[in-house]
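Have a look at query-v5.cif below; it lists mmCIF, C-alpha atoms.
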data_target
loop_
_atom_site.group_PDB
_atom_site.id
_atom_site.type_symbol
_atom_site.label_atom_id
_atom_site.label_comp_id
_atom_site.auth_asym_id
_atom_site.auth_seq_id
_atom_site.Cartn_x
_atom_site.Cartn_y
_atom_site.Cartn_z
ATOM 1 C CA MET A 5 188.274 134.816 -14.336
ATOM 2 C CA GLU A 6 190.798 137.660 -14.361
ATOM 3 C CA ARG A 7 190.194 141.201 -13.118
ATOM 4 C CA ARG A 8 190.103 142.653 -16.635
ATOM 5 C CA HIS A 9 186.894 140.716 -17.336
ATOM 6 C CA PHE A 10 185.173 142.635 -14.533
ATOM 7 C CA ILE A 11 186.221 146.208 -15.288
ATOM 8 C CA GLN A 12 183.209 148.422 -14.746
ATOM 9 C CA SER A 13 182.159 151.800 -16.110
ATOM 10 C CA LEU A 14 181.027 154.449 -13.614
ATOM 11 C CA ALA A 15 178.922 157.583 -14.058
ATOM 12 C CA GLY A 16 179.428 161.333 -13.437
ATOM 13 C CA ALA A 17 182.285 163.811 -13.831
ATOM 14 C CA ALA A 18 184.280 166.115 -11.546
ATOM 15 C CA ILE A 19 187.802 167.024 -10.496
ATOM 16 C CA LEU A 20 189.558 165.615 -7.427
ATOM 17 C CA PRO A 21 191.579 167.890 -5.195
ATOM 18 C CA VAL A 22 195.287 167.426 -5.814
ATOM 19 C CA VAL A 23 196.989 165.369 -3.104
ATOM 20 C CA SER A 24 200.762 165.572 -2.772
ATOM 21 C CA PHE A 25 202.591 162.248 -2.829
ATOM 22 C CA THR A 26 206.134 163.591 -2.753
ATOM 23 C CA ASN A 27 207.387 160.814 -0.462
ATOM 24 C CA LYS A 28 205.760 157.450 -1.101
ATOM 25 C CA GLU A 29 206.756 156.074 2.309
ATOM 26 C CA GLU A 30 204.930 158.889 4.073
ATOM 27 C CA PHE A 31 202.072 159.802 1.774
ATOM 28 C CA LEU A 32 200.832 156.664 0.004
ATOM 29 C CA PRO A 33 198.094 155.183 2.182
ATOM 30 C CA VAL A 34 197.145 151.518 2.136
ATOM 31 C CA SER A 35 195.021 150.950 -0.955
ATOM 32 C CA CYS A 36 192.637 148.258 -2.163
ATOM 33 C CA ASN A 37 192.091 146.989 -5.693
ATOM 34 C CA GLN A 38 188.558 146.819 -7.072
ATOM 35 C CA TYR A 39 188.891 143.146 -8.012
ATOM 36 C CA SER A 40 188.586 141.883 -4.447
ATOM 37 C CA TRP A 41 185.331 143.818 -4.052
ATOM 38 C CA ILE A 42 184.018 142.381 -7.296
ATOM 39 C CA THR A 43 184.511 138.837 -5.999
ATOM 40 C CA PHE A 44 182.744 139.608 -2.713
ATOM 41 C CA TYR A 45 179.865 141.369 -4.447
ATOM 42 C CA ASN A 46 179.482 138.432 -6.841
ATOM 43 C CA ARG A 47 179.181 136.050 -3.904
ATOM 44 C CA GLU A 48 176.542 138.314 -2.362
ATOM 45 C CA GLY A 49 174.562 138.357 -5.615
ATOM 46 C CA ARG A 50 175.430 141.982 -6.297
ATOM 47 C CA GLU A 51 177.385 143.783 -9.005
ATOM 48 C CA TRP A 52 180.262 146.022 -8.011
ATOM 49 C CA ALA A 53 179.743 149.604 -9.229
ATOM 50 C CA ALA A 54 176.275 148.920 -10.635
ATOM 51 C CA ASP A 55 175.528 151.865 -8.350
ATOM 52 C CA PRO A 56 178.946 153.453 -7.807
ATOM 53 C CA ASP A 57 177.624 155.665 -5.034
ATOM 54 C CA ILE A 58 176.654 152.634 -2.929
ATOM 55 C CA SER A 59 179.822 150.726 -3.803
ATOM 56 C CA LEU A 60 182.242 153.529 -2.947
ATOM 57 C CA LYS A 61 180.293 154.386 0.223
ATOM 58 C CA GLU A 62 180.780 150.812 1.432
ATOM 59 C CA PHE A 63 184.427 150.913 0.390
ATOM 60 C CA ALA A 64 185.019 154.097 2.401
ATOM 61 C CA SER A 65 183.225 152.671 5.440
ATOM 62 C CA THR A 66 186.044 150.141 5.913
ATOM 63 C CA GLY A 67 188.565 152.848 6.753
ATOM 64 C CA ILE A 68 190.660 152.158 3.645
ATOM 65 C CA LYS A 69 191.613 155.555 2.221
ATOM 66 C CA ALA A 70 192.899 154.695 -1.264
ATOM 67 C CA TYR A 71 191.338 152.869 -4.195
ATOM 68 C CA GLU A 72 192.999 151.087 -7.119
ATOM 69 C CA PRO A 73 190.434 150.785 -9.930
ATOM 70 C CA ALA A 74 190.934 149.300 -13.374
ATOM 71 C CA PHE A 75 190.377 151.269 -16.574
ATOM 72 C CA ASN A 76 189.861 150.289 -20.202
ATOM 73 C CA HIS A 77 189.886 153.806 -21.632
ATOM 74 C CA ALA A 78 190.371 157.415 -20.599
ATOM 75 C CA GLY A 79 186.669 158.251 -20.576
ATOM 76 C CA GLU A 80 186.127 156.046 -17.529
ATOM 77 C CA VAL A 81 188.397 158.178 -15.359
ATOM 78 C CA ALA A 82 186.191 161.282 -15.253
ATOM 79 C CA LYS A 83 183.179 159.120 -14.402
ATOM 80 C CA LEU A 84 184.880 157.814 -11.262
ATOM 81 C CA LEU A 85 186.403 161.027 -9.911
ATOM 82 C CA PRO A 86 183.261 162.583 -8.340
ATOM 83 C CA PHE A 87 182.660 159.487 -6.206
ATOM 84 C CA LEU A 88 186.235 159.493 -4.963
ATOM 85 C CA LYS A 89 185.866 163.155 -4.084
ATOM 86 C CA LYS A 90 182.553 162.547 -2.297
ATOM 87 C CA TYR A 91 184.010 159.805 -0.103
ATOM 88 C CA GLN A 92 187.439 161.419 0.339
ATOM 89 C CA LEU A 93 189.304 158.579 -1.338
ATOM 90 C CA VAL A 94 192.588 158.991 -3.192
ATOM 91 C CA MET A 95 193.866 157.041 -6.188
ATOM 92 C CA PRO A 96 197.673 156.770 -6.042
ATOM 93 C CA SER A 97 197.665 153.773 -8.398
ATOM 94 C CA VAL A 98 195.465 152.280 -11.104
ATOM 95 C CA TYR A 99 195.363 149.052 -13.101
ATOM 96 C CA VAL A 100 195.142 149.219 -16.891
ATOM 97 C CA ASN A 101 194.878 146.643 -19.647
ATOM 98 C CA SER A 102 197.483 146.334 -22.384
ATOM 99 C CA ALA A 103 198.364 144.108 -25.346
ATOM 100 C CA LEU A 104 202.033 144.587 -26.168
ATOM 101 C CA HIS A 105 203.310 141.393 -27.798
ATOM 102 C CA LYS A 106 202.173 142.193 -31.359
ATOM 103 C CA LYS A 107 203.665 145.191 -33.145
ATOM 104 C CA ASP A 108 200.417 146.105 -34.930
ATOM 105 C CA ASP A 109 198.413 146.201 -31.682
ATOM 106 C CA ALA A 110 201.025 147.556 -29.310
ATOM 107 C CA GLN A 111 200.966 151.216 -30.353
ATOM 108 C CA LYS A 112 197.179 151.349 -30.013
ATOM 109 C CA SER A 113 197.524 149.891 -26.537
ATOM 110 C CA ILE A 114 200.285 152.319 -25.592
ATOM 111 C CA ASP A 115 198.231 155.271 -26.844
ATOM 112 C CA SER A 116 195.238 154.059 -24.813
ATOM 113 C CA VAL A 117 197.274 153.771 -21.607
ATOM 114 C CA LEU A 118 198.827 157.205 -22.146
ATOM 115 C CA GLY A 119 195.364 158.668 -22.658
ATOM 116 C CA ILE A 120 194.304 157.174 -19.324
ATOM 117 C CA ALA A 121 197.462 158.550 -17.710
ATOM 118 C CA ASP A 122 196.727 162.049 -18.992
ATOM 119 C CA ALA A 123 193.171 161.836 -17.647
ATOM 120 C CA LEU A 124 194.590 160.862 -14.239
ATOM 121 C CA LYS A 125 196.486 164.128 -13.759
ATOM 122 C CA ALA A 126 193.590 165.531 -11.744
ATOM 123 C CA ALA A 127 193.936 162.661 -9.256
ATOM 124 C CA ASN A 128 197.737 162.890 -8.988
ATOM 125 C CA THR A 129 198.069 159.173 -9.651
ATOM 126 C CA LYS A 130 201.671 157.979 -9.387
ATOM 127 C CA ILE A 131 201.682 154.296 -10.421
ATOM 128 C CA ILE A 132 200.183 152.673 -13.512
ATOM 129 C CA VAL A 133 199.984 148.888 -13.133
ATOM 130 C CA THR A 134 199.633 146.707 -16.212
ATOM 131 C CA ASN A 135 199.554 142.978 -16.888
ATOM 132 C CA PRO A 136 200.164 142.509 -20.630
ATOM 133 C CA SER A 137 197.539 140.203 -22.115
ATOM 134 C CA PRO A 138 198.378 136.546 -22.803
ATOM 135 C CA LEU A 139 197.752 135.013 -26.215
ATOM 136 C CA ALA A 140 194.326 133.929 -24.961
ATOM 137 C CA TRP A 141 192.926 133.805 -21.443
ATOM 138 C CA GLY A 142 192.779 130.206 -20.257
ATOM 139 C CA SER A 143 195.047 128.960 -23.054
ATOM 140 C CA ALA A 144 198.071 126.760 -22.381
ATOM 141 C CA GLU A 145 199.930 128.351 -25.322
ATOM 142 C CA ASN A 146 202.933 130.523 -24.498
ATOM 143 C CA LYS A 147 204.199 133.550 -26.399
ATOM 144 C CA SER A 148 207.019 132.996 -28.871
ATOM 145 C CA ASP A 149 210.491 134.406 -28.302
ATOM 146 C CA GLU A 150 209.760 137.043 -30.942
ATOM 147 C CA GLU A 151 206.581 138.065 -29.124
ATOM 148 C CA LEU A 152 208.414 138.291 -25.798
ATOM 149 C CA ILE A 153 211.056 140.521 -27.362
ATOM 150 C CA GLU A 154 208.360 142.761 -28.851
ATOM 151 C CA GLN A 155 206.482 142.911 -25.546
ATOM 152 C CA ALA A 156 209.528 143.897 -23.503
ATOM 153 C CA LYS A 157 210.419 146.598 -26.032
ATOM 154 C CA ASN A 158 206.920 148.054 -25.802
ATOM 155 C CA MET A 159 206.829 147.849 -22.008
ATOM 156 C CA ASP A 160 210.011 149.892 -21.925
ATOM 157 C CA LYS A 161 208.587 152.386 -24.425
ATOM 158 C CA LEU A 162 205.392 152.790 -22.412
ATOM 159 C CA GLY A 163 207.331 153.176 -19.170
ATOM 160 C CA ALA A 164 209.543 155.864 -20.674
ATOM 161 C CA GLU A 165 206.485 157.851 -21.767
ATOM 162 C CA LEU A 166 204.889 157.528 -18.318
ATOM 163 C CA ARG A 167 208.118 158.749 -16.695
ATOM 164 C CA LYS A 168 207.767 161.951 -18.706
ATOM 165 C CA ARG A 169 204.381 162.363 -17.016
ATOM 166 C CA GLY A 170 205.823 161.815 -13.535
ATOM 167 C CA MET A 171 204.384 158.302 -13.261
ATOM 168 C CA LYS A 172 205.806 154.812 -12.799
ATOM 169 C CA LEU A 173 204.877 151.792 -14.897
ATOM 170 C CA ALA A 174 204.623 148.671 -12.718
ATOM 171 C CA TYR A 175 204.650 145.240 -14.361
ATOM 172 C CA HIS A 176 202.061 142.839 -12.914
ATOM 173 C CA THR A 177 201.692 139.104 -13.498
ATOM 174 C CA HIS A 178 199.291 136.273 -12.878
ATOM 175 C CA ASP A 179 200.415 132.635 -13.001
ATOM 176 C CA VAL A 180 200.685 132.451 -16.814
ATOM 177 C CA GLU A 181 203.926 134.413 -16.896
ATOM 178 C CA LEU A 182 205.580 131.933 -14.517
ATOM 179 C CA ARG A 183 205.208 129.013 -16.933
ATOM 180 C CA ALA A 184 208.121 127.572 -18.938
ATOM 181 C CA ALA A 185 210.866 128.556 -16.504
ATOM 182 C CA ALA A 186 209.155 131.935 -16.017
ATOM 183 C CA ARG A 187 210.568 133.024 -19.367
ATOM 184 C CA GLU A 188 207.957 135.715 -19.955
ATOM 185 C CA PHE A 189 208.334 137.152 -16.468
ATOM 186 C CA HIS A 190 212.116 137.231 -16.538
ATOM 187 C CA HIS A 191 212.494 138.532 -20.076
ATOM 188 C CA THR A 192 210.085 141.401 -19.511
ATOM 189 C CA LEU A 193 212.226 142.573 -16.612
ATOM 190 C CA GLN A 194 215.640 141.615 -17.993
ATOM 191 C CA ALA A 195 215.046 143.352 -21.331
ATOM 192 C CA SER A 196 213.587 146.578 -19.917
ATOM 193 C CA ASN A 197 215.220 149.540 -18.222
ATOM 194 C CA PRO A 198 214.566 149.531 -14.449
ATOM 195 C CA GLU A 199 214.036 153.282 -14.673
ATOM 196 C CA ASN A 200 211.153 152.676 -17.074
ATOM 197 C CA VAL A 201 209.636 149.425 -15.804
ATOM 198 C CA SER A 202 209.077 148.762 -12.108
ATOM 199 C CA LEU A 203 207.472 145.662 -10.621
ATOM 200 C CA CYS A 204 204.057 145.300 -9.040
ATOM 201 C CA LEU A 205 204.727 142.105 -7.104
ATOM 202 C CA ASP A 206 201.448 140.231 -6.852
ATOM 203 C CA VAL A 207 202.740 138.076 -4.041
ATOM 204 C CA HIS A 208 200.236 135.250 -4.213
ATOM 205 C CA TRP A 209 200.165 134.906 -8.011
ATOM 206 C CA VAL A 210 203.947 134.507 -7.980
ATOM 207 C CA TYR A 211 203.611 131.995 -5.140
ATOM 208 C CA ARG A 212 200.855 130.042 -6.907
ATOM 209 C CA GLY A 213 202.394 130.336 -10.357
ATOM 210 C CA SER A 214 205.575 128.706 -9.096
ATOM 211 C CA GLY A 215 203.752 125.733 -7.597
ATOM 212 C CA ASN A 216 202.983 127.278 -4.190
ATOM 213 C CA SER A 217 206.673 127.892 -3.602
ATOM 214 C CA GLN A 218 208.022 130.410 -1.113
ATOM 215 C CA VAL A 219 211.498 129.467 -2.324
ATOM 216 C CA ALA A 220 210.619 130.797 -5.794
ATOM 217 C CA LEU A 221 208.825 133.817 -4.348
ATOM 218 C CA PHE A 222 211.773 134.944 -2.258
ATOM 219 C CA ASP A 223 214.248 134.194 -5.037
ATOM 220 C CA ILE A 224 212.277 136.617 -7.210
ATOM 221 C CA VAL A 225 212.319 139.190 -4.409
ATOM 222 C CA LYS A 226 216.090 138.729 -4.148
ATOM 223 C CA MET A 227 216.507 139.219 -7.910
ATOM 224 C CA TYR A 228 214.086 142.083 -8.478
ATOM 225 C CA GLY A 229 213.373 143.544 -5.044
ATOM 226 C CA LYS A 230 214.878 146.930 -5.897
ATOM 227 C CA ARG A 231 212.339 147.273 -8.712
ATOM 228 C CA ILE A 232 209.248 146.626 -6.583
ATOM 229 C CA ALA A 233 207.096 149.763 -6.572
ATOM 230 C CA GLU A 234 203.904 148.091 -5.383
ATOM 231 C CA LEU A 235 202.706 144.948 -3.618
ATOM 232 C CA HIS A 236 199.394 143.235 -4.274
ATOM 233 C CA ILE A 237 198.612 141.553 -0.973
ATOM 234 C CA ARG A 238 196.657 138.299 -0.636
ATOM 235 C CA GLN A 239 196.865 135.323 1.705
ATOM 236 C CA SER A 240 195.862 131.677 1.476
ATOM 237 C CA LYS A 241 195.711 128.677 3.769
ATOM 238 C CA ASN A 242 196.530 125.275 2.281
ATOM 239 C CA GLY A 243 196.555 126.999 -1.112
ATOM 240 C CA ILE A 244 193.016 128.436 -0.812
ATOM 241 C CA TRP A 245 192.394 132.196 -0.781
ATOM 242 C CA GLN A 246 191.017 133.332 2.566
ATOM 243 C CA GLU A 247 188.324 135.924 3.249
ATOM 244 C CA SER A 248 190.673 138.272 5.055
ATOM 245 C CA PHE A 249 194.386 138.966 5.234
ATOM 246 C CA GLY A 250 196.301 137.367 8.102
ATOM 247 C CA GLU A 251 198.540 134.411 8.847
ATOM 248 C CA GLY A 252 198.701 131.687 6.228
ATOM 249 C CA ASP A 253 200.838 130.088 3.556
ATOM 250 C CA ILE A 254 202.960 133.128 2.733
ATOM 251 C CA ASP A 255 205.397 134.492 5.296
ATOM 252 C CA TYR A 256 204.593 138.195 4.990
ATOM 253 C CA PRO A 257 206.660 139.226 8.046
ATOM 254 C CA ARG A 258 209.675 137.699 6.277
ATOM 255 C CA LEU A 259 208.786 139.716 3.170
ATOM 256 C CA VAL A 260 208.758 142.915 5.225
ATOM 257 C CA THR A 261 212.141 142.060 6.741
ATOM 258 C CA THR A 262 213.597 141.193 3.332
ATOM 259 C CA LEU A 263 212.416 144.408 1.686
ATOM 260 C CA ASP A 264 213.514 146.434 4.711
ATOM 261 C CA ALA A 265 217.032 145.102 4.254
ATOM 262 C CA MET A 266 216.892 146.326 0.652
ATOM 263 C CA LYS A 267 215.556 149.708 1.809
ATOM 264 C CA VAL A 268 212.480 149.131 -0.366
ATOM 265 C CA ARG A 269 209.039 150.198 0.839
ATOM 266 C CA PRO A 270 206.480 149.690 -1.921
ATOM 267 C CA HIS A 271 202.938 150.967 -2.170
ATOM 268 C CA LEU A 272 200.635 148.494 -0.383
ATOM 269 C CA VAL A 273 197.491 147.394 -2.212
ATOM 270 C CA LEU A 274 195.074 144.877 -0.718
ATOM 271 C CA GLU A 275 193.647 142.295 -3.095
ATOM 272 C CA GLN A 276 192.227 139.607 -0.822
ATOM 273 C CA CYS A 277 189.964 137.962 -3.389
ATOM 274 C CA LEU A 278 187.609 135.011 -3.178
ATOM 275 C CA GLU A 279 187.619 131.776 -5.153
ATOM 276 C CA LYS A 280 185.144 128.877 -5.101
ATOM 277 C CA GLN A 281 186.780 127.118 -2.167
ATOM 278 C CA SER A 282 187.166 130.232 -0.003
ATOM 279 C CA PRO A 283 185.427 130.313 3.403
ATOM 280 C CA ASN A 284 182.080 132.117 3.530
ATOM 281 C CA THR A 285 181.710 133.760 6.930
ATOM 282 C CA MET A 286 182.100 137.511 6.357
ATOM 283 C CA THR A 287 180.457 140.342 4.435
ATOM 284 C CA SER A 288 182.486 142.389 2.001
ATOM 285 C CA VAL A 289 182.706 145.312 4.421
ATOM 286 C CA ALA A 290 183.655 143.161 7.426
ATOM 287 C CA ALA A 291 186.295 141.311 5.418
ATOM 288 C CA HIS A 292 187.932 144.497 4.176
ATOM 289 C CA LYS A 293 187.958 146.000 7.657
ATOM 290 C CA ALA A 294 189.761 142.845 8.787
ATOM 291 C CA ASP A 295 192.139 143.167 5.818
ATOM 292 C CA LEU A 296 193.123 146.672 6.860
ATOM 293 C CA ALA A 297 193.719 145.558 10.449
ATOM 294 C CA GLY A 298 195.862 142.664 9.194
ATOM 295 C CA VAL A 299 197.970 144.895 6.975
ATOM 296 C CA GLN A 300 198.463 147.400 9.784
ATOM 297 C CA LYS A 301 199.693 144.570 12.004
ATOM 298 C CA VAL A 302 202.143 143.105 9.483
ATOM 299 C CA PHE A 303 203.318 146.301 7.766
ATOM 300 C CA GLY A 304 202.880 148.660 10.716
ATOM 301 C CA LYS A 305 206.545 149.645 10.918
ATOM 302 C CA TRP A 306 206.215 151.108 7.418
ATOM 303 C CA LEU A 307 202.914 152.838 8.067
ATOM 304 C CA ASN A 308 203.837 154.553 11.310
ATOM 305 C CA LYS A 309 206.916 156.415 10.066
#
Encoded form (structure tokens):
Amino acid sequence: MERRHFIQSLAGAAILPVVSFTNKEEFLPVSCNQYSWITFYNREGREWAADPDISLKEFASTGIKAYEPAFNHAGEVAKLLPFLKKYQLVMPSVYVNSALHKKDDAQKSIDSVLGIADALKAANTKIIVTNPSPLAWGSAENKSDEELIEQAKNMDKLGAELRKRGMKLAYHTHDVELRAAAREFHHTLQASNPENVSLCLDVHWVYRGSGNSQVALFDIVKMYGKRIAELHIRQSKNGIWQESFGEGDIDYPRLVTTLDAMKVRPHLVLEQCLEKQSPNTMTSVAAHKADLAGVQKVFGKWLNK
């Protein structure tokens, strides 16, 4: 199941203090996406954000200072802000849903995302991540060429509007977009203006979507590395997602070296999720504390400057 199926509504309303992120290398702290917490809570027989006060208190207890939630509509933003303020969490990036491959639906989707962006001004959010919807979740059917052309056009349009608001649009993928010679992935980036559409490189989905291939992963980094505004960070061993971030199938130190050579330092967002085969030895809090320690070890040269 994808993250969009788990997006939760929260309660309350308030305004966050404005935090200045004028230099992303210096001011964007390591973040964590809500989806990883949802998978841990599900395993524990709990529901993430059923009580947002408890959920965000546990989140903050890990030492992670930034949160990347997912939103369906603008009204959800104000409901989350008081809990971020209470636990001194910032929200430099968010994940939003979009459907951009059909002309009739695309403008509604763009308007919805822009409404969310406007609601985020109080939080000084800088990056809006979106993964345009497939034709149907779980379907083997791919979008037509005409639909890919329409989608790329609308991604560019949305990104241009977000730029006017001082925000970046970051294109995110799962494995679906890597099918059929990665035609959807490549066209979305090839047919959009890099100034309007950045890349949220979900490292493991690219790895898995290309048949567990580091060759494909690093070829994509070589092609589009300058457009990477954000990394979604996850690790596996023998193809299975692990409970915490560390050594495994993907050579993250090589990724750091490669991006360093390009003078690219993206926003770091943990998303160490669980799947059925994942080990079961750690609580959600313990696992996310270990995640933060792992990221500090691998990406420390970026975090300490």
(Q) Given only C-alpha atoms as the basis, pick out the residue of A:Val225, A:Thr66, A:Asn37, A:Asp179 nearest to Ala290 in chain A. (A)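 Using only C-alpha atoms, the shortest distance to Ala290 in chain A belongs to A:Thr66.
Excluding range 238-254 of chain A itself and same-chain residues fewer than 5 positions from it, the residues having an atom within 7 Å of it are Val207, His208, Gln218, Leu274, Glu275, Gln276, Cys277, Leu278, Glu279, Gln281, Ser282, Pro283, Ala291, His292, Ala294, Asp295 and Gly298 of chain A, counting only C-alpha atoms.
Taking CA of Ala164 in chain A and CA of Ser196 in chain A as the two end points, the separation is 10.2 Å.
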Q) Using the chain letters and numbers from the file, which residues does the PyMOL selection byres ((chain A and resi 145-158) around 6) grab, as a list of chain:residue names? A) A:Leu104, A:His105, A:Ser143, A:Ala144, A:Met159, A:Asp160, A:Lys161, A:Thr192, A:Ala195
Q: Determine the nearest neighbour of Cys204 in chain A from the options A:Ile224, A:Ala53, A:Leu263, A:Val133, counting only C-alpha atoms.
A: A:Val133
Q | Point-to-point distance from CA of Ala174 in chain A to CA of Asn135 in chain A, Å rounded to tenths | A | 8.7 Å
Q) the PyMOL selection byres ((chain A and resi 57) around 12) on the file shown: which residues, as JSON, numbers by chain? A) {"A": [14, 15, 16, 52, 53, 54, 55, 56, 58, 59, 60, 61, 62, 63, 64, 83, 84, 85, 86, 87, 88, 89, 90, 91]}
